[in-house]
Amino acid sequence: MGLRILVIDDEESIRESLANYFQEKGHDVVTVEHPSRCDGKQKRLSHGHEECADILLIDQWMPEMTGIEYLAQRHDWGCRAKGQRKALMSANLSNEIRLQAKDLGCKIFEKPVHLGEIEDWINELA
């Protein structure tokens with residue numbers, strides 16, 4: 001049974017690559033271009049008491065809100081994704097952001113992302 005994966009990234013090519021790859025692996029992938037499009041009010045992404053996704057793959061540097069800000073606020077929006085099932089993606093993260101990600105229980109993937117590395121992580125969680 002496939003997982004529901006939410007990808008938030010402002011780069012269309014990254015969203016499409018992740019969606020295509022994980023859909024071929026049998027997962028349900030929802031992509032949005034920035035966090036404000038996934039505020040917990042869209043039934044497709046969040047059902048309040050249910051999890052918005054099994055896995056969250058979030059870019060750090062986006063317009064309007066960073067990935068860390070989104071992940072810190074997502075519970076207020078009704079998203080109930082389980083603990084260690086979230087990842088932050090970025091080409092450059094300061095030590096401060098790395099510590100914040102660790103405090104939030106996030107896995108970090110360096111860009112350019114390696115799909116096999118993300119797949120291995122997802123398989124460990126499944």
# chains A, B, ... in the order shown; residues from 1 in each chain; ligands from 1
>>> residues_around(residues="Lys111 of chain A", least_positions_apart="4", cutoff="9 Å", atoms="only C-alpha atoms", output="PyMOL selection string")
chain A and resi 89-92
>>> write_last_selection(atoms="N, CA and C atoms", output="CSV table (one decimal), in the first residue's frame")
chain,number,residue,atom,x,y,z
A,89,MET,N,14.4,20.1,2.7
A,89,MET,CA,15.3,20.0,1.6
A,89,MET,C,15.9,21.4,1.4
A,90,SER,N,17.2,21.4,1.2
A,90,SER,CA,17.9,22.7,0.9
A,90,SER,C,19.3,22.5,0.4
A,91,ALA,N,19.8,23.5,-0.4
A,91,ALA,CA,21.2,23.5,-0.8
A,91,ALA,C,22.1,24.1,0.2
A,92,ASN,N,21.5,25.0,1.1
A,92,ASN,CA,22.3,25.7,2.1
A,92,ASN,C,21.5,25.9,3.3
>>> residues_around(residues="Ile5 of chain A", least_positions_apart="2", cutoff="7 Å", atoms="only C-alpha atoms", output="list in words")
Leu3, Val7, Asp28, Val29, Val30, Ala53, Asp54, Ile55 and Leu56 of chain A
>>> closest_residue(among="A:Val32, A:Ala126, A:Ile68, A:Leu18", to="Leu93 of chain A", atoms="only C-alpha atoms")
A:Ile68
>>> residues_around(residues="Glu64 of chain A", least_positions_apart="6", cutoff="10 Å", atoms="only C-alpha atoms", output="number ranges by chain")
A: 34-36
>>> write_last_selection(atoms="N, CA and C atoms", output="PDB file, in the first residue's frame")
ATOM      1  N   HIS A  34       4.053  26.487  -2.667  1.00  0.00           N
ATOM      2  CA  HIS A  34       4.523  27.139  -1.445  1.00  0.00           C
ATOM      3  C   HIS A  34       3.560  26.857  -0.297  1.00  0.00           C
ATOM      4  N   PRO A  35       4.051  26.972   0.928  1.00  0.00           N
ATOM      5  CA  PRO A  35       3.272  26.555   2.101  1.00  0.00           C
ATOM      6  C   PRO A  35       1.912  27.204   2.243  1.00  0.00           C
ATOM      7  N   SER A  36       1.748  28.428   1.789  1.00  0.00           N
ATOM      8  CA  SER A  36       0.449  29.082   1.975  1.00  0.00           C
ATOM      9  C   SER A  36      -0.652  28.376   1.189  1.00  0.00           C
TER      10      SER A  36
END
>>> atom_distance(atom1="atom CA of Ile118 of chain A", atom2="atom CA of Glu24 of chain A")
14.2 Å
>>> residues_around(residues="Leu71 of chain A", least_positions_apart="5", cutoff="10 Å", atoms="only C-alpha atoms", output="number ranges by chain")
A: 35, 56, 58, 60, 66, 76, 79, 86-88, 101, 104-106
>>> write_last_selection(atoms="N, CA, C and O atoms", output="PDB file, in the first residue's frame")
ATOM      1  N   PRO A  35       4.051  26.972   0.928  1.00  0.00           N
ATOM      2  CA  PRO A  35       3.272  26.555   2.101  1.00  0.00           C
ATOM      3  C   PRO A  35       1.912  27.204   2.243  1.00  0.00           C
ATOM      4  O   PRO A  35       1.000  26.576   2.777  1.00  0.00           O
ATOM      5  N   LEU A  56       6.160  14.240   4.738  1.00  0.00           N
ATOM      6  CA  LEU A  56       6.250  15.636   4.307  1.00  0.00           C
ATOM      7  C   LEU A  56       7.656  15.898   3.792  1.00  0.00           C
ATOM      8  O   LEU A  56       8.627  15.690   4.518  1.00  0.00           O
ATOM      9  N   ILE A  58       9.661  19.072   2.410  1.00  0.00           N
ATOM     10  CA  ILE A  58       9.469  20.509   2.363  1.00  0.00           C
ATOM     11  C   ILE A  58      10.780  21.212   2.032  1.00  0.00           C
ATOM     12  O   ILE A  58      11.807  20.982   2.679  1.00  0.00           O
ATOM     13  N   GLN A  60      13.257  24.407   2.122  1.00  0.00           N
ATOM     14  CA  GLN A  60      13.477  25.433   3.143  1.00  0.00           C
ATOM     15  C   GLN A  60      13.236  26.847   2.617  1.00  0.00           C
ATOM     16  O   GLN A  60      12.566  27.639   3.237  1.00  0.00           O
ATOM     17  N   THR A  66       9.345  30.075   5.189  1.00  0.00           N
ATOM     18  CA  THR A  66      10.382  29.048   5.033  1.00  0.00           C
ATOM     19  C   THR A  66       9.810  27.681   5.406  1.00  0.00           C
ATOM     20  O   THR A  66       8.749  27.578   6.028  1.00  0.00           O
ATOM     21  N   ASP A  76      -0.932  23.795  13.975  1.00  0.00           N
ATOM     22  CA  ASP A  76      -1.977  24.809  14.164  1.00  0.00           C
ATOM     23  C   ASP A  76      -2.975  24.797  13.008  1.00  0.00           C
ATOM     24  O   ASP A  76      -4.098  25.251  13.153  1.00  0.00           O
ATOM     25  N   CYS A  79      -2.728  19.820  10.451  1.00  0.00           N
ATOM     26  CA  CYS A  79      -1.937  18.717   9.896  1.00  0.00           C
ATOM     27  C   CYS A  79      -1.424  17.864  11.045  1.00  0.00           C
ATOM     28  O   CYS A  79      -0.881  18.379  12.014  1.00  0.00           O
ATOM     29  N   LYS A  86       8.959  13.756   8.457  1.00  0.00           N
ATOM     30  CA  LYS A  86       9.057  15.028   7.747  1.00  0.00           C
ATOM     31  C   LYS A  86      10.519  15.290   7.416  1.00  0.00           C
ATOM     32  O   LYS A  86      11.416  14.914   8.167  1.00  0.00           O
ATOM     33  N   ALA A  87      10.723  15.926   6.266  1.00  0.00           N
ATOM     34  CA  ALA A  87      12.082  16.214   5.826  1.00  0.00           C
ATOM     35  C   ALA A  87      12.156  17.620   5.264  1.00  0.00           C
ATOM     36  O   ALA A  87      11.216  18.108   4.644  1.00  0.00           O
ATOM     37  N   LEU A  88      13.289  18.236   5.482  1.00  0.00           N
ATOM     38  CA  LEU A  88      13.576  19.569   4.979  1.00  0.00           C
ATOM     39  C   LEU A  88      14.609  19.417   3.875  1.00  0.00           C
ATOM     40  O   LEU A  88      15.601  18.695   4.047  1.00  0.00           O
ATOM     41  N   ALA A 101      15.652  22.214  12.719  1.00  0.00           N
ATOM     42  CA  ALA A 101      15.131  21.024  12.037  1.00  0.00           C
ATOM     43  C   ALA A 101      15.252  19.800  12.940  1.00  0.00           C
ATOM     44  O   ALA A 101      14.318  18.998  13.046  1.00  0.00           O
ATOM     45  N   LEU A 104      12.637  19.790  15.536  1.00  0.00           N
ATOM     46  CA  LEU A 104      11.325  19.440  14.989  1.00  0.00           C
ATOM     47  C   LEU A 104      11.264  17.978  14.530  1.00  0.00           C
ATOM     48  O   LEU A 104      10.232  17.516  14.060  1.00  0.00           O
ATOM     49  N   GLY A 105      12.377  17.259  14.657  1.00  0.00           N
ATOM     50  CA  GLY A 105      12.410  15.856  14.251  1.00  0.00           C
ATOM     51  C   GLY A 105      12.520  15.660  12.753  1.00  0.00           C
ATOM     52  O   GLY A 105      12.086  14.630  12.228  1.00  0.00           O
ATOM     53  N   CYS A 106      13.091  16.634  12.061  1.00  0.00           N
ATOM     54  CA  CYS A 106      13.168  16.580  10.592  1.00  0.00           C
ATOM     55  C   CYS A 106      14.435  15.898  10.101  1.00  0.00           C
ATOM     56  O   CYS A 106      15.522  16.111  10.638  1.00  0.00           O
TER      57      CYS A 106
END
>>> closest_residue(among="A:Asn20, A:Ile97, A:Lys102, A:Gln84", to="Leu125 of chain A", atoms="only C-alpha atoms")
A:Gln84
>>> closest_residue(among="A:Phe22, A:Gly67, A:Glu16, A:Asn123", to="Arg98 of chain A", atoms="only C-alpha atoms")
A:Gly67
>>> closest_residue(among="A:Glu33, A:Tyr70, A:Trp61, A:Asp120", to="Ser94 of chain A", atoms="only C-alpha atoms")
A:Trp61
>>> atom_distance(atom1="atom CA of Ile8 of chain A", atom2="atom CA of Pro112 of chain A")
15.1 Å
>>> closest_residue(among="A:Ile108, A:Ala72, A:Val113, A:Ile122", to="Ser17 of chain A", atoms="only C-alpha atoms")
A:Val113
>>> select_by_dssp(residues="segment 8-40 of chain A", states="helix (DSSP H, G or I)", output="number ranges by chain")
A: 12-24, 35-37
>>> decode(residues="segment 110-121 of chain A", atoms="all heavy atoms", output="PDB file, in the first residue's frame")
ATOM      1  N   GLU A 110      20.094  17.282   1.354  1.00  0.00           N
ATOM      2  CA  GLU A 110      20.800  18.340   0.646  1.00  0.00           C
ATOM      3  C   GLU A 110      20.366  18.356  -0.818  1.00  0.00           C
ATOM      4  O   GLU A 110      20.192  17.305  -1.431  1.00  0.00           O
ATOM      5  CB  GLU A 110      22.313  18.108   0.718  1.00  0.00           C
ATOM      6  CG  GLU A 110      22.881  18.086   2.128  1.00  0.00           C
ATOM      7  CD  GLU A 110      22.942  19.445   2.777  1.00  0.00           C
ATOM      8  OE1 GLU A 110      23.060  20.458   2.048  1.00  0.00           O
ATOM      9  OE2 GLU A 110      22.876  19.502   4.020  1.00  0.00           O
ATOM     10  N   LYS A 111      20.168  19.567  -1.345  1.00  0.00           N
ATOM     11  CA  LYS A 111      19.895  19.708  -2.778  1.00  0.00           C
ATOM     12  C   LYS A 111      21.215  19.841  -3.501  1.00  0.00           C
ATOM     13  O   LYS A 111      22.126  20.485  -2.985  1.00  0.00           O
ATOM     14  CB  LYS A 111      19.029  20.945  -3.028  1.00  0.00           C
ATOM     15  CG  LYS A 111      17.576  20.750  -2.673  1.00  0.00           C
ATOM     16  CD  LYS A 111      16.793  21.978  -3.061  1.00  0.00           C
ATOM     17  CE  LYS A 111      15.305  21.769  -2.892  1.00  0.00           C
ATOM     18  NZ  LYS A 111      14.549  22.961  -3.295  1.00  0.00           N
ATOM     19  N   PRO A 112      21.364  19.275  -4.675  1.00  0.00           N
ATOM     20  CA  PRO A 112      20.310  18.544  -5.367  1.00  0.00           C
ATOM     21  C   PRO A 112      20.010  17.223  -4.660  1.00  0.00           C
ATOM     22  O   PRO A 112      20.914  16.520  -4.247  1.00  0.00           O
ATOM     23  CB  PRO A 112      20.882  18.307  -6.766  1.00  0.00           C
ATOM     24  CG  PRO A 112      22.366  18.381  -6.594  1.00  0.00           C
ATOM     25  CD  PRO A 112      22.606  19.313  -5.442  1.00  0.00           C
ATOM     26  N   VAL A 113      18.723  16.942  -4.518  1.00  0.00           N
ATOM     27  CA  VAL A 113      18.300  15.742  -3.807  1.00  0.00           C
ATOM     28  C   VAL A 113      18.609  14.502  -4.642  1.00  0.00           C
ATOM     29  O   VAL A 113      18.622  14.542  -5.864  1.00  0.00           O
ATOM     30  CB  VAL A 113      16.803  15.775  -3.445  1.00  0.00           C
ATOM     31  CG1 VAL A 113      16.510  16.915  -2.493  1.00  0.00           C
ATOM     32  CG2 VAL A 113      15.930  15.868  -4.666  1.00  0.00           C
ATOM     33  N   HIS A 114      18.868  13.421  -3.940  1.00  0.00           N
ATOM     34  CA  HIS A 114      19.085  12.123  -4.573  1.00  0.00           C
ATOM     35  C   HIS A 114      17.852  11.281  -4.274  1.00  0.00           C
ATOM     36  O   HIS A 114      17.579  10.951  -3.112  1.00  0.00           O
ATOM     37  CB  HIS A 114      20.360  11.469  -4.052  1.00  0.00           C
ATOM     38  CG  HIS A 114      21.583  12.285  -4.332  1.00  0.00           C
ATOM     39  ND1 HIS A 114      22.198  12.292  -5.557  1.00  0.00           N
ATOM     40  CD2 HIS A 114      22.276  13.148  -3.551  1.00  0.00           C
ATOM     41  CE1 HIS A 114      23.226  13.112  -5.525  1.00  0.00           C
ATOM     42  NE2 HIS A 114      23.303  13.657  -4.327  1.00  0.00           N
ATOM     43  N   LEU A 115      17.092  10.971  -5.314  1.00  0.00           N
ATOM     44  CA  LEU A 115      15.814  10.291  -5.133  1.00  0.00           C
ATOM     45  C   LEU A 115      15.960   8.952  -4.415  1.00  0.00           C
ATOM     46  O   LEU A 115      15.119   8.594  -3.594  1.00  0.00           O
ATOM     47  CB  LEU A 115      15.121  10.119  -6.482  1.00  0.00           C
ATOM     48  CG  LEU A 115      14.749  11.435  -7.178  1.00  0.00           C
ATOM     49  CD1 LEU A 115      14.212  11.166  -8.572  1.00  0.00           C
ATOM     50  CD2 LEU A 115      13.757  12.217  -6.357  1.00  0.00           C
ATOM     51  N   GLY A 116      17.026   8.230  -4.710  1.00  0.00           N
ATOM     52  CA  GLY A 116      17.250   6.952  -4.039  1.00  0.00           C
ATOM     53  C   GLY A 116      17.452   7.114  -2.542  1.00  0.00           C
ATOM     54  O   GLY A 116      17.011   6.287  -1.745  1.00  0.00           O
ATOM     55  N   GLU A 117      18.107   8.194  -2.139  1.00  0.00           N
ATOM     56  CA  GLU A 117      18.333   8.475  -0.718  1.00  0.00           C
ATOM     57  C   GLU A 117      17.003   8.760  -0.014  1.00  0.00           C
ATOM     58  O   GLU A 117      16.753   8.267   1.093  1.00  0.00           O
ATOM     59  CB  GLU A 117      19.267   9.675  -0.590  1.00  0.00           C
ATOM     60  CG  GLU A 117      19.755   9.967   0.799  1.00  0.00           C
ATOM     61  CD  GLU A 117      20.721  11.140   0.820  1.00  0.00           C
ATOM     62  OE1 GLU A 117      21.457  11.355  -0.153  1.00  0.00           O
ATOM     63  OE2 GLU A 117      20.722  11.852   1.845  1.00  0.00           O
ATOM     64  N   ILE A 118      16.148   9.548  -0.672  1.00  0.00           N
ATOM     65  CA  ILE A 118      14.827   9.823  -0.101  1.00  0.00           C
ATOM     66  C   ILE A 118      14.000   8.541  -0.056  1.00  0.00           C
ATOM     67  O   ILE A 118      13.320   8.260   0.936  1.00  0.00           O
ATOM     68  CB  ILE A 118      14.100  10.931  -0.887  1.00  0.00           C
ATOM     69  CG1 ILE A 118      14.869  12.249  -0.769  1.00  0.00           C
ATOM     70  CG2 ILE A 118      12.668  11.099  -0.375  1.00  0.00           C
ATOM     71  CD1 ILE A 118      14.320  13.370  -1.638  1.00  0.00           C
ATOM     72  N   GLU A 119      14.087   7.752  -1.115  1.00  0.00           N
ATOM     73  CA  GLU A 119      13.346   6.485  -1.148  1.00  0.00           C
ATOM     74  C   GLU A 119      13.785   5.559  -0.016  1.00  0.00           C
ATOM     75  O   GLU A 119      12.948   4.936   0.649  1.00  0.00           O
ATOM     76  CB  GLU A 119      13.537   5.792  -2.491  1.00  0.00           C
ATOM     77  CG  GLU A 119      12.769   4.498  -2.599  1.00  0.00           C
ATOM     78  CD  GLU A 119      12.953   3.798  -3.930  1.00  0.00           C
ATOM     79  OE1 GLU A 119      13.825   4.200  -4.719  1.00  0.00           O
ATOM     80  OE2 GLU A 119      12.210   2.836  -4.172  1.00  0.00           O
ATOM     81  N   ASP A 120      15.098   5.466   0.236  1.00  0.00           N
ATOM     82  CA  ASP A 120      15.596   4.631   1.329  1.00  0.00           C
ATOM     83  C   ASP A 120      15.016   5.087   2.664  1.00  0.00           C
ATOM     84  O   ASP A 120      14.599   4.269   3.489  1.00  0.00           O
ATOM     85  CB  ASP A 120      17.125   4.670   1.396  1.00  0.00           C
ATOM     86  CG  ASP A 120      17.783   3.938   0.240  1.00  0.00           C
ATOM     87  OD1 ASP A 120      17.091   3.156  -0.463  1.00  0.00           O
ATOM     88  OD2 ASP A 120      18.998   4.167   0.032  1.00  0.00           O
ATOM     89  N   TRP A 121      14.994   6.413   2.882  1.00  0.00           N
ATOM     90  CA  TRP A 121      14.431   6.976   4.118  1.00  0.00           C
ATOM     91  C   TRP A 121      12.951   6.630   4.241  1.00  0.00           C
ATOM     92  O   TRP A 121      12.489   6.206   5.299  1.00  0.00           O
ATOM     93  CB  TRP A 121      14.677   8.483   4.132  1.00  0.00           C
ATOM     94  CG  TRP A 121      14.008   9.214   5.250  1.00  0.00           C
ATOM     95  CD1 TRP A 121      14.315   9.137   6.580  1.00  0.00           C
ATOM     96  CD2 TRP A 121      12.919  10.132   5.135  1.00  0.00           C
ATOM     97  NE1 TRP A 121      13.485   9.977   7.296  1.00  0.00           N
ATOM     98  CE2 TRP A 121      12.627  10.597   6.435  1.00  0.00           C
ATOM     99  CE3 TRP A 121      12.174  10.629   4.068  1.00  0.00           C
ATOM    100  CZ2 TRP A 121      11.620  11.518   6.692  1.00  0.00           C
ATOM    101  CZ3 TRP A 121      11.177  11.544   4.325  1.00  0.00           C
ATOM    102  CH2 TRP A 121      10.912  11.980   5.623  1.00  0.00           C
TER     103      TRP A 121
END
